[in-house]
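Okay, input-v2.csv is below, CSV, C-alpha atoms:
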```csv
chain,number,residue,atom,x,y,z
A,660,MET,CA,-8.7,-5.0,-22.0
A,661,SER,CA,-11.2,-7.1,-20.0
A,662,VAL,CA,-10.1,-10.3,-18.3
A,663,SER,CA,-11.9,-13.6,-18.8
A,664,ASP,CA,-13.4,-15.4,-15.8
A,665,ALA,CA,-11.1,-18.3,-16.6
A,666,ASP,CA,-8.0,-16.1,-16.4
A,667,MET,CA,-9.2,-14.7,-13.0
A,668,VAL,CA,-9.9,-18.2,-11.6
A,669,ARG,CA,-6.4,-19.3,-12.7
A,670,ALA,CA,-5.0,-16.1,-11.1
A,671,TRP,CA,-6.8,-16.7,-7.8
A,672,THR,CA,-5.7,-20.4,-7.8
A,673,HIS,CA,-2.1,-19.3,-8.2
A,674,VAL,CA,-2.3,-16.8,-5.4
A,675,LEU,CA,-4.1,-19.1,-3.0
A,676,THR,CA,-1.6,-21.9,-3.8
A,677,LEU,CA,1.2,-19.5,-2.9
A,678,SER,CA,-0.8,-18.7,0.3
A,679,ASN,CA,-0.7,-22.4,1.3
A,680,LEU,CA,-4.5,-22.9,1.1
A,681,LYS,CA,-5.4,-26.5,1.8
A,682,ALA,CA,-8.5,-28.6,1.3
A,683,GLY,CA,-10.8,-28.1,4.3
A,684,ASP,CA,-9.4,-24.6,5.2
A,685,THR,CA,-12.0,-21.9,5.8
A,686,VAL,CA,-11.9,-18.9,3.5
A,687,THR,CA,-14.1,-15.9,4.1
A,688,LEU,CA,-14.7,-13.4,1.4
A,689,LEU,CA,-15.1,-10.0,3.0
A,690,THR,CA,-17.1,-7.7,0.7
A,691,SER,CA,-19.0,-4.5,0.6
A,692,ALA,CA,-21.0,-2.4,-2.0
A,693,ASP,CA,-17.9,-1.5,-4.0
A,694,THR,CA,-16.5,-5.1,-4.3
A,695,HIS,CA,-15.8,-5.9,-7.9
A,696,PRO,CA,-18.2,-8.7,-8.9
A,697,GLN,CA,-15.8,-10.6,-11.1
A,698,THR,CA,-13.1,-10.6,-8.4
A,699,LEU,CA,-15.7,-11.9,-5.9
A,700,GLN,CA,-17.2,-14.6,-8.2
A,701,THR,CA,-13.8,-16.0,-9.4
A,702,ALA,CA,-12.3,-16.0,-5.8
A,703,TRP,CA,-15.3,-18.1,-4.7
A,704,ILE,CA,-14.9,-20.5,-7.6
A,705,ALA,CA,-11.1,-20.9,-7.1
A,706,ALA,CA,-11.3,-21.4,-3.4
A,707,GLY,CA,-14.1,-23.9,-3.8
A,708,MET,CA,-12.3,-25.8,-6.5
A,709,MET,CA,-9.3,-26.1,-4.1
A,710,GLY,CA,-11.5,-27.7,-1.5
A,711,ALA,CA,-11.9,-24.8,0.9
A,712,VAL,CA,-15.0,-24.1,3.0
A,713,VAL,CA,-16.0,-20.8,1.5
A,714,ASN,CA,-18.1,-18.1,3.3
A,715,ARG,CA,-19.0,-14.5,2.3
A,716,LEU,CA,-19.4,-11.8,4.9
A,717,ASP,CA,-21.0,-8.7,3.3
A,718,LEU,CA,-20.9,-5.5,5.3
A,719,PRO,CA,-22.3,-2.0,4.6
A,720,PRO,CA,-20.2,0.9,3.3
A,721,MET,CA,-19.1,3.5,5.9
A,722,ASN,CA,-17.9,7.1,6.2
A,723,ALA,CA,-19.8,8.5,3.2
A,724,GLU,CA,-20.4,11.7,5.1
A,725,PHE,CA,-16.6,12.2,5.5
A,726,ALA,CA,-14.9,10.7,2.5
A,727,HIS,CA,-13.8,12.9,-0.4
A,728,SER,CA,-14.1,10.2,-3.0
A,729,ARG,CA,-15.1,6.5,-3.5
A,730,ASP,CA,-11.4,5.5,-3.1
A,731,SER,CA,-11.3,3.1,-0.1
A,732,LEU,CA,-8.1,4.9,1.1
A,733,ALA,CA,-9.5,8.4,1.0
A,734,TYR,CA,-10.8,8.2,4.6
A,735,LEU,CA,-9.5,5.8,7.2
A,736,GLY,CA,-12.1,6.2,9.9
A,737,THR,CA,-14.3,3.6,11.5
A,738,THR,CA,-14.9,0.4,9.5
A,739,PRO,CA,-18.0,-1.9,9.3
A,740,LEU,CA,-16.2,-4.1,11.9
A,741,THR,CA,-16.1,-1.4,14.5
A,742,GLY,CA,-18.1,-2.8,17.4
A,743,ASN,CA,-19.2,-5.7,15.3
A,744,ARG,CA,-18.1,-8.6,17.5
A,745,ALA,CA,-20.0,-11.3,15.6
A,746,ALA,CA,-18.3,-10.4,12.3
A,747,ILE,CA,-14.9,-10.2,14.0
A,748,ALA,CA,-15.4,-13.6,15.5
A,749,ALA,CA,-16.3,-15.1,12.1
A,750,LEU,CA,-13.2,-13.7,10.6
A,751,LYS,CA,-11.0,-14.9,13.4
A,752,GLU,CA,-12.3,-18.4,12.9
A,753,SER,CA,-11.2,-18.3,9.2
A,754,ASP,CA,-7.9,-19.6,7.9
A,755,ILE,CA,-7.7,-16.9,5.2
A,756,VAL,CA,-9.8,-13.7,4.8
A,757,LEU,CA,-9.9,-12.3,1.3
A,758,ASP,CA,-10.4,-8.7,1.9
A,759,LEU,CA,-12.3,-7.3,-1.1
A,760,MET,CA,-13.4,-4.1,0.6
A,761,THR,CA,-10.3,-2.7,2.5
A,762,LEU,CA,-9.7,-2.9,6.2
A,763,LEU,CA,-6.3,-1.1,6.2
A,764,PHE,CA,-5.2,0.8,9.3
A,765,SER,CA,-8.0,-0.5,11.5
A,766,PRO,CA,-7.6,-2.0,15.0
A,767,GLU,CA,-10.0,-4.7,14.0
A,768,GLN,CA,-7.6,-5.9,11.3
A,769,ALA,CA,-4.8,-6.1,13.9
A,770,GLU,CA,-7.0,-8.2,16.2
A,771,ILE,CA,-7.9,-10.6,13.5
A,772,LEU,CA,-4.3,-11.1,12.5
A,773,GLU,CA,-3.3,-11.7,16.1
A,774,SER,CA,-5.6,-14.8,16.0
A,775,GLY,CA,-3.4,-16.3,13.3
A,776,THR,CA,-5.8,-15.6,10.4
A,777,ARG,CA,-4.2,-14.5,7.2
A,778,ILE,CA,-5.7,-11.5,5.4
A,779,LEU,CA,-5.1,-10.8,1.7
A,780,LEU,CA,-6.3,-7.5,0.3
A,781,ALA,CA,-7.4,-7.5,-3.4
A,782,VAL,CA,-9.3,-4.5,-4.6
A,783,GLU,CA,-7.6,-3.4,-7.8
A,784,PRO,CA,-9.4,-4.1,-11.1
A,785,PRO,CA,-9.1,-7.7,-12.4
A,786,GLU,CA,-6.8,-6.7,-15.3
A,787,VAL,CA,-4.4,-5.2,-12.8
A,788,LEU,CA,-4.5,-8.3,-10.6
A,789,VAL,CA,-3.8,-10.6,-13.5
A,790,ARG,CA,-1.0,-8.4,-14.9
A,791,LEU,CA,0.7,-8.1,-11.5
A,792,LEU,CA,0.4,-11.7,-10.4
A,793,PRO,CA,2.8,-12.3,-7.5
A,794,SER,CA,5.6,-14.9,-7.7
A,795,LEU,CA,8.2,-16.5,-5.5
A,796,GLU,CA,10.8,-14.3,-7.2
A,797,ASP,CA,8.8,-11.2,-6.0
A,798,LYS,CA,9.0,-12.6,-2.4
A,799,ALA,CA,12.7,-13.2,-2.7
A,800,ARG,CA,13.4,-9.7,-4.0
A,801,VAL,CA,11.2,-8.1,-1.3
A,802,GLY,CA,12.8,-10.2,1.4
A,803,GLU,CA,16.2,-9.0,0.4
A,804,ALA,CA,15.1,-5.4,0.7
A,805,ALA,CA,13.4,-6.0,4.0
A,806,ALA,CA,16.6,-7.6,5.4
A,807,LEU,CA,18.6,-4.5,4.4
A,808,LEU,CA,15.9,-2.3,6.1
A,809,ALA,CA,16.0,-4.4,9.2
A,810,GLY,CA,19.7,-4.0,9.5
A,811,ALA,CA,19.9,-0.3,8.8
A,812,LYS,CA,20.1,2.6,11.4
A,813,GLU,CA,19.2,5.3,8.9
A,814,MET,CA,17.7,5.9,5.5
A,815,THR,CA,18.6,9.0,3.6
A,816,VAL,CA,16.9,10.2,0.4
A,817,THR,CA,18.2,12.7,-2.0
A,818,SER,CA,17.2,13.9,-5.5
A,819,ALA,CA,18.4,16.4,-8.1
A,820,ALA,CA,15.1,18.2,-7.5
A,821,GLY,CA,16.3,19.1,-4.0
A,822,THR,CA,15.0,16.3,-1.7
A,823,GLU,CA,17.3,15.9,1.3
A,824,LEU,CA,15.6,13.7,3.9
A,825,ARG,CA,17.1,11.9,6.9
A,826,LEU,CA,15.1,9.0,8.4
A,827,PRO,CA,16.5,7.3,11.5
A,828,LEU,CA,15.4,3.6,11.7
A,829,GLY,CA,15.1,0.8,14.2
A,830,GLU,CA,12.0,1.6,16.2
A,831,PHE,CA,9.7,-0.2,13.8
A,832,PRO,CA,10.0,-3.5,11.9
A,833,ALA,CA,10.7,-3.9,8.2
A,834,ILE,CA,7.5,-4.9,6.4
A,835,GLN,CA,7.4,-7.1,3.2
A,836,GLU,CA,4.6,-6.8,0.7
A,837,TYR,CA,4.9,-9.4,-2.1
A,838,GLY,CA,1.3,-10.3,-2.8
A,839,PHE,CA,0.3,-13.5,-0.9
A,840,VAL,CA,-0.1,-14.7,2.6
A,841,ASP,CA,1.9,-17.8,3.3
A,842,GLU,CA,2.3,-17.6,7.1
A,843,PRO,CA,-0.1,-17.5,10.0
A,844,GLY,CA,-1.1,-14.0,11.0
A,845,ARG,CA,0.2,-12.5,7.8
A,846,TRP,CA,-1.4,-9.5,5.9
A,847,ASP,CA,-0.5,-8.7,2.3
A,848,HIS,CA,-1.8,-6.9,-0.7
A,849,TRP,CA,-2.2,-8.3,-4.2
A,850,PRO,CA,-0.8,-6.6,-6.2
A,851,SER,CA,2.3,-5.2,-4.5
A,852,GLY,CA,6.0,-5.5,-4.5
A,853,PHE,CA,8.0,-3.3,-2.1
A,854,GLY,CA,9.8,-3.1,1.2
A,855,LEU,CA,8.9,-0.5,3.8
A,856,THR,CA,9.2,0.6,7.4
A,857,PHE,CA,8.4,3.6,9.5
A,858,PRO,CA,11.0,6.1,10.7
A,859,ASN,CA,11.7,6.4,14.4
A,860,GLU,CA,8.9,8.5,16.0
A,861,GLY,CA,9.6,12.2,15.9
A,862,LYS,CA,13.0,11.9,14.3
A,863,ALA,CA,12.5,12.4,10.5
A,864,GLU,CA,14.2,15.7,9.3
A,865,GLY,CA,14.8,17.4,6.0
A,866,ARG,CA,13.1,18.5,2.9
A,867,VAL,CA,11.0,16.6,0.3
A,868,VAL,CA,10.7,18.2,-3.2
A,869,LEU,CA,8.1,16.8,-5.5
A,870,GLU,CA,8.9,17.3,-9.2
A,871,ARG,CA,6.7,17.0,-12.3
A,872,GLY,CA,5.6,13.4,-12.7
A,873,ASP,CA,5.6,12.4,-9.0
A,874,ILE,CA,2.3,11.1,-7.9
A,875,LEU,CA,-0.2,12.1,-5.2
A,876,LEU,CA,-2.4,9.4,-3.7
A,877,PRO,CA,-5.4,9.1,-3.1
A,878,MET,CA,-5.8,12.1,-5.4
A,879,LYS,CA,-4.4,9.8,-8.2
A,880,SER,CA,-2.8,12.7,-10.0
A,881,TYR,CA,0.6,13.4,-11.4
A,882,VAL,CA,2.3,16.5,-10.0
A,883,ALA,CA,2.3,19.3,-12.6
A,884,ASP,CA,4.4,21.9,-10.7
A,885,ARG,CA,6.9,21.6,-7.9
A,886,ILE,CA,5.9,21.0,-4.3
A,887,GLU,CA,8.2,21.5,-1.4
A,888,MET,CA,7.7,20.0,2.1
A,889,ILE,CA,9.6,20.8,5.2
A,890,VAL,CA,10.0,17.9,7.6
A,891,GLU,CA,10.8,18.7,11.3
A,892,LYS,CA,10.8,16.3,14.2
A,893,GLY,CA,8.8,13.7,12.3
A,894,TYR,CA,6.1,16.0,10.9
A,895,VAL,CA,5.6,17.9,7.7
A,896,THR,CA,5.4,21.4,8.9
A,897,ALA,CA,5.0,23.3,5.6
A,898,ILE,CA,3.7,22.4,2.1
A,899,THR,CA,4.4,25.1,-0.5
A,900,GLY,CA,4.3,25.5,-4.2
A,901,GLY,CA,1.7,26.2,-6.9
A,902,MET,CA,-1.7,24.8,-7.6
A,903,ASP,CA,-0.8,21.2,-6.6
A,904,ALA,CA,0.4,22.3,-3.2
A,905,ASP,CA,-2.8,24.3,-2.8
A,906,LEU,CA,-4.9,21.2,-3.6
A,907,LEU,CA,-2.9,19.0,-1.2
A,908,ASN,CA,-3.1,21.6,1.6
A,909,ASP,CA,-6.9,21.9,1.1
A,910,TYR,CA,-7.4,18.2,1.1
A,911,MET,CA,-5.4,17.6,4.3
A,912,GLU,CA,-6.9,20.6,6.2
A,913,VAL,CA,-10.4,19.2,6.1
A,914,PHE,CA,-9.3,16.4,8.4
A,915,ASP,CA,-8.3,18.9,11.1
A,916,ASP,CA,-5.8,16.5,12.6
A,917,PRO,CA,-2.1,17.3,13.3
A,918,GLU,CA,-1.3,13.6,13.1
A,919,ALA,CA,-2.2,13.6,9.3
A,920,TYR,CA,1.1,15.5,8.8
A,921,ALA,CA,3.3,12.9,10.6
A,922,VAL,CA,5.7,10.9,8.4
A,923,SER,CA,4.3,7.4,7.9
A,924,HIS,CA,5.7,4.5,6.0
A,925,ILE,CA,8.8,4.8,3.8
A,926,GLY,CA,10.3,2.4,1.3
A,927,TRP,CA,11.0,1.8,-2.4
A,928,GLY,CA,9.3,-0.1,-5.2
A,929,LEU,CA,10.5,-3.4,-6.4
A,930,GLN,CA,7.8,-4.6,-8.8
A,931,LYS,CA,9.3,-4.6,-12.3
A,932,ARG,CA,5.9,-5.3,-14.0
A,933,ALA,CA,4.3,-2.2,-12.4
A,934,ARG,CA,4.5,1.0,-14.4
A,935,TRP,CA,4.7,4.6,-13.5
A,936,SER,CA,2.6,5.5,-16.5
A,937,THR,CA,-0.4,3.2,-15.7
A,938,LEU,CA,-2.2,5.7,-13.5
A,939,GLY,CA,-2.8,7.9,-16.6
A,940,LEU,CA,-4.7,5.1,-18.3
A,941,TYR,CA,-7.5,4.7,-15.7
A,942,ASP,CA,-10.4,6.7,-14.6
A,943,ARG,CA,-9.6,7.8,-11.0
A,944,GLU,CA,-12.3,5.8,-9.3
A,945,ASN,CA,-11.3,2.5,-11.1
A,946,THR,CA,-8.0,2.0,-9.3
A,947,ILE,CA,-6.3,2.7,-6.0
A,948,GLY,CA,-3.0,3.1,-7.7
A,949,MET,CA,-0.9,0.1,-6.8
A,950,ASP,CA,1.2,0.4,-10.0
A,951,ALA,CA,2.3,3.8,-8.7
A,952,ARG,CA,3.1,2.5,-5.2
A,953,ALA,CA,5.1,-0.5,-6.5
A,954,PHE,CA,6.9,0.4,-9.7
A,955,ALA,CA,10.6,-0.5,-9.5
A,956,GLY,CA,12.9,2.3,-8.3
A,957,ASN,CA,10.3,4.7,-6.8
A,958,PHE,CA,10.7,6.2,-3.3
A,959,LEU,CA,7.4,5.9,-1.5
A,960,PHE,CA,6.9,8.7,1.0
A,961,SER,CA,3.8,8.9,3.1
A,962,MET,CA,2.0,10.8,5.8
A,963,GLY,CA,-0.5,9.7,8.4
A,964,PRO,CA,-0.9,6.7,10.7
A,965,ASN,CA,1.8,4.2,11.8
A,966,ASN,CA,-0.4,1.7,13.6
A,967,GLU,CA,0.1,-0.8,10.7
A,968,GLY,CA,3.8,-0.9,11.8
A,969,GLY,CA,3.0,-1.4,15.5
A,970,GLY,CA,2.8,2.3,16.4
A,971,SER,CA,0.1,4.1,18.3
A,972,ARG,CA,-0.7,6.9,15.8
A,973,THR,CA,-4.0,6.8,14.0
A,974,THR,CA,-5.6,9.3,11.7
A,975,ALA,CA,-8.3,9.2,9.1
A,976,CYS,CA,-6.0,11.0,6.6
A,977,HIS,CA,-3.3,9.0,4.7
A,978,ILE,CA,-1.2,10.4,1.8
A,979,ASP,CA,1.0,8.2,-0.3
A,980,ILE,CA,3.5,9.9,-2.6
A,981,PRO,CA,5.5,7.7,-5.1
A,982,MET,CA,8.5,9.8,-6.2
A,983,ARG,CA,10.7,9.3,-9.2
A,984,ASN,CA,14.4,9.9,-9.7
A,985,CYS,CA,15.4,9.7,-6.0
A,986,THR,CA,18.5,8.1,-4.5
A,987,VAL,CA,17.8,6.0,-1.5
A,988,ARG,CA,20.6,5.0,0.9
A,989,LEU,CA,20.5,2.7,3.9
A,990,ASP,CA,23.4,3.8,6.1
A,991,ASP,CA,26.3,4.0,3.5
A,992,ARG,CA,24.7,1.6,1.0
A,993,GLU,CA,22.7,2.8,-2.0
A,994,VAL,CA,19.7,0.7,-2.9
A,995,VAL,CA,18.2,3.1,-5.5
A,996,ARG,CA,20.2,5.6,-7.5
A,997,ALA,CA,18.4,8.4,-9.4
A,998,GLY,CA,15.2,6.2,-9.6
A,999,ARG,CA,16.9,3.0,-10.7
A,1000,LEU,CA,17.3,-0.2,-8.7
A,1001,LEU,CA,21.0,-0.8,-8.5
A,1002,GLU,CA,20.5,-4.4,-9.7
A,1003,GLU,CA,19.2,-2.8,-12.9
A,1004,GLU,CA,22.3,-0.8,-13.5
A,1005,PRO,CA,24.1,-1.8,-16.7
A,1006,VAL,CA,27.5,-3.6,-16.3
A,1007,ALA,CA,30.3,-1.2,-17.1
```

Since I need it in another form, could you write the structure as structure tokens?
Amino acid sequence: MSVSDADMVRAWTHVLTLSNLKAGDTVTLLTSADTHPQTLQTAWIAAGMMGAVVNRLDLPPMNAEFAHSRDSLAYLGTTPLTGNRAAIAALKESDIVLDLMTLLFSPEQAEILESGTRILLAVEPPEVLVRLLPSLEDKARVGEAAALLAGAKEMTVTSAAGTELRLPLGEFPAIQEYGFVDEPGRWDHWPSGFGLTFPNEGKAEGRVVLERGDILLPMKSYVADRIEMIVEKGYVTAITGGMDADLLNDYMEVFDDPEAYAVSHIGWGLQKRARWSTLGLYDRENTIGMDARAFAGNFLFSMGPNNEGGGSRTTACHIDIPMRNCTVRLDDREVVRAGRLLEEEPVA
């Protein structure tokens, strides 16, 4: 169902209030050809009503000759900010940048954040943004998960399907995504709701078995037949199975980059209003799949870059795989059991 402009203005006002926007702050709306017009219009109105100085920086789309789809995460190559010092300077002078085009995994984003500017990404359809409006409770839940991650030396992931994955931790920080930017230099994504980190470089080992109903992103498809991945020294060294494995292999081979197969961020979903089933209700080009990434109790396994966590690895290929029915342990403590957050376990 469509969302009214009034509901979107209220949603933006809520998120900007949580992001500590004050009268007189400078807000820059970063847009491109695929920016949703209602998201743009209502962000402008909400920020203006709160007394912000509002600018719009509109940049041309990039990478059309390489990307496999219109999904902004299907190719993480150069961005419209690459070499664009004037645009970067404008963004660094802003208090908050509302990223309505997607700058993820770019060195330019890291440079802007280092200046103290906050960046909030918001590219899902308006009805997803309104339904998954962030809250202080989301922040608290994600903060608890991040604290557990920060104190752990190892994550292990198992499943009845056959996943047995060992992920040594400690080299990279725990990262919180709860949907608003309330501190200088903070990046976040509305909607979200998960804790994540990156395994120690070259140390992930084991096997990942994808079962029916697990999700491949950016393909935005549910796995129909089993896929098995072998992980050795931090890289996926084999992807086998039926048609779904063939499709994944074909997609990744086009990038011709060994770093595409490195284990990237790992974590679990904490957003109780996000649903595993939502992806089946949208045309593929109308969403980037944040319900899938955030639904409570998933294990989110990914391949590709680690520069978002402070690492040096970059690659244009990034695969996110939200998995169901996994058990996730941090050292000897279970945080997810068979796809269920332990806090959701019924009392005996």

| Nearest to His848 in chain A: which of A:Asp797, A:Glu830, A:Asp873, A:Asp758 is it, counting all atoms listed in the file? |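 Between A:Asp797, A:Glu830, A:Asp873, A:Asp758, the residue approaching His848 in chain A most closely is A:Asp758.
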
| task | Tell me which protein, DNA and RNA residues are within 10 Å of range 685-701 of chain A, counting all atoms listed in the file, leaving out same-chain ones fewer than 4 positions away, and put them as number ranges by chain. | result | A: 662-672, 680-681, 705-707, 710-721, 729-731, 739, 746, 749-762, 776-785, 788

| Just how far from CA of Gly861 in chain A is CA of Asn966 in chain A, in Å to one decimal? |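 Between CA of Asn966 in chain A and CA of Gly861 in chain A the gap works out to 14.7 Å.
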
| message | Give me the residues near Leu876 in chain A as a list in words, where near means some atom within 9 Å (using only C-alpha atoms) and where sequence neighbours in that chain fewer than 5 positions away do not count. | response | Leu732, Ala733, Ile947, Gly948, Ala951, Arg952, His977, Ile978, Asp979, Ile980 and Pro981 of chain A

| said: Can you measure CA of Pro832 in chain A to CA of Ala748 in chain A for me? One decimal in Å is fine. | reply: 27.6 Å

| task | Mind giving me the straight-line distance from CA of Glu773 in chain A to CA of Ser923 in chain A in Å, one decimal? | result | 22.1 Å

| request: Do a neighbour search on Arg885 in chain A at 10 Å with only C-alpha atoms, toss out local chain neighbours closer than 5 positions, and write the hits as a ChimeraX atom specification. | output: /A:820,868-873,899-904

For those residues, write C-alpha atoms to a file as a PDB file, in the coordinates of the input.
```pdb
ATOM      1  CA  ALA A 820      15.100  18.200  -7.500  1.00  0.00           C
ATOM      2  CA  VAL A 868      10.700  18.200  -3.200  1.00  0.00           C
ATOM      3  CA  LEU A 869       8.100  16.800  -5.500  1.00  0.00           C
ATOM      4  CA  GLU A 870       8.900  17.300  -9.200  1.00  0.00           C
ATOM      5  CA  ARG A 871       6.700  17.000 -12.300  1.00  0.00           C
ATOM      6  CA  GLY A 872       5.600  13.400 -12.700  1.00  0.00           C
ATOM      7  CA  ASP A 873       5.600  12.400  -9.000  1.00  0.00           C
ATOM      8  CA  THR A 899       4.400  25.100  -0.500  1.00  0.00           C
ATOM      9  CA  GLY A 900       4.300  25.500  -4.200  1.00  0.00           C
ATOM     10  CA  GLY A 901       1.700  26.200  -6.900  1.00  0.00           C
ATOM     11  CA  MET A 902      -1.700  24.800  -7.600  1.00  0.00           C
ATOM     12  CA  ASP A 903      -0.800  21.200  -6.600  1.00  0.00           C
ATOM     13  CA  ALA A 904       0.400  22.300  -3.200  1.00  0.00           C
TER      14      ALA A 904
END
```

| query | Can you list, as a ChimeraX atom specification, every protein, DNA or RNA residue that comes within 8 Å of Glu786 in chain A when you count all atoms listed in the file, leaving out same-chain residues fewer than 4 positions away? | reply | /A:660-662,790

Generate the coordinates of all heavy atoms for range 816-823 of chain A; report them as a PDB file, in the coordinates of the input.
```pdb
ATOM      1  N   VAL A 816      17.444  10.060   1.769  1.00  0.00           N
ATOM      2  CA  VAL A 816      16.900  10.200   0.400  1.00  0.00           C
ATOM      3  C   VAL A 816      17.245  11.522  -0.137  1.00  0.00           C
ATOM      4  O   VAL A 816      17.050  12.557   0.513  1.00  0.00           O
ATOM      5  CB  VAL A 816      15.335  10.013   0.469  1.00  0.00           C
ATOM      6  CG1 VAL A 816      14.768  10.016  -0.948  1.00  0.00           C
ATOM      7  CG2 VAL A 816      14.927   8.734   1.192  1.00  0.00           C
ATOM      8  N   THR A 817      17.789  11.514  -1.340  1.00  0.00           N
ATOM      9  CA  THR A 817      18.200  12.700  -2.000  1.00  0.00           C
ATOM     10  C   THR A 817      17.668  12.695  -3.455  1.00  0.00           C
ATOM     11  O   THR A 817      17.356  11.630  -3.990  1.00  0.00           O
ATOM     12  CB  THR A 817      19.694  12.948  -2.014  1.00  0.00           C
ATOM     13  OG1 THR A 817      20.316  11.821  -2.657  1.00  0.00           O
ATOM     14  CG2 THR A 817      20.231  13.085  -0.588  1.00  0.00           C
ATOM     15  N   SER A 818      17.603  13.864  -4.088  1.00  0.00           N
ATOM     16  CA  SER A 818      17.200  13.900  -5.500  1.00  0.00           C
ATOM     17  C   SER A 818      17.793  15.198  -6.103  1.00  0.00           C
ATOM     18  O   SER A 818      18.086  16.172  -5.403  1.00  0.00           O
ATOM     19  CB  SER A 818      15.716  13.895  -5.685  1.00  0.00           C
ATOM     20  OG  SER A 818      15.135  15.130  -5.299  1.00  0.00           O
ATOM     21  N   ALA A 819      17.924  15.199  -7.430  1.00  0.00           N
ATOM     22  CA  ALA A 819      18.400  16.400  -8.100  1.00  0.00           C
ATOM     23  C   ALA A 819      17.385  17.536  -7.979  1.00  0.00           C
ATOM     24  O   ALA A 819      17.753  18.713  -8.084  1.00  0.00           O
ATOM     25  CB  ALA A 819      18.586  16.065  -9.617  1.00  0.00           C
ATOM     26  N   ALA A 820      16.119  17.209  -7.721  1.00  0.00           N
ATOM     27  CA  ALA A 820      15.100  18.200  -7.500  1.00  0.00           C
ATOM     28  C   ALA A 820      15.280  18.993  -6.209  1.00  0.00           C
ATOM     29  O   ALA A 820      14.733  20.088  -6.045  1.00  0.00           O
ATOM     30  CB  ALA A 820      13.710  17.621  -7.577  1.00  0.00           C
ATOM     31  N   GLY A 821      16.019  18.413  -5.261  1.00  0.00           N
ATOM     32  CA  GLY A 821      16.300  19.100  -4.000  1.00  0.00           C
ATOM     33  C   GLY A 821      15.861  18.359  -2.755  1.00  0.00           C
ATOM     34  O   GLY A 821      16.010  18.870  -1.644  1.00  0.00           O
ATOM     35  N   THR A 822      15.362  17.130  -2.889  1.00  0.00           N
ATOM     36  CA  THR A 822      15.000  16.300  -1.700  1.00  0.00           C
ATOM     37  C   THR A 822      16.272  16.024  -0.906  1.00  0.00           C
ATOM     38  O   THR A 822      17.270  15.576  -1.467  1.00  0.00           O
ATOM     39  CB  THR A 822      14.307  15.044  -2.097  1.00  0.00           C
ATOM     40  OG1 THR A 822      13.038  15.351  -2.676  1.00  0.00           O
ATOM     41  CG2 THR A 822      14.094  14.126  -0.898  1.00  0.00           C
ATOM     42  N   GLU A 823      16.219  16.270   0.387  1.00  0.00           N
ATOM     43  CA  GLU A 823      17.300  15.900   1.300  1.00  0.00           C
ATOM     44  C   GLU A 823      16.596  15.489   2.621  1.00  0.00           C
ATOM     45  O   GLU A 823      16.218  16.327   3.425  1.00  0.00           O
ATOM     46  CB  GLU A 823      18.247  17.062   1.574  1.00  0.00           C
ATOM     47  CG  GLU A 823      19.045  17.469   0.346  1.00  0.00           C
ATOM     48  CD  GLU A 823      20.032  18.586   0.651  1.00  0.00           C
ATOM     49  OE1 GLU A 823      20.061  19.057   1.810  1.00  0.00           O
ATOM     50  OE2 GLU A 823      20.770  18.985  -0.263  1.00  0.00           O
TER      51      GLU A 823
END
```
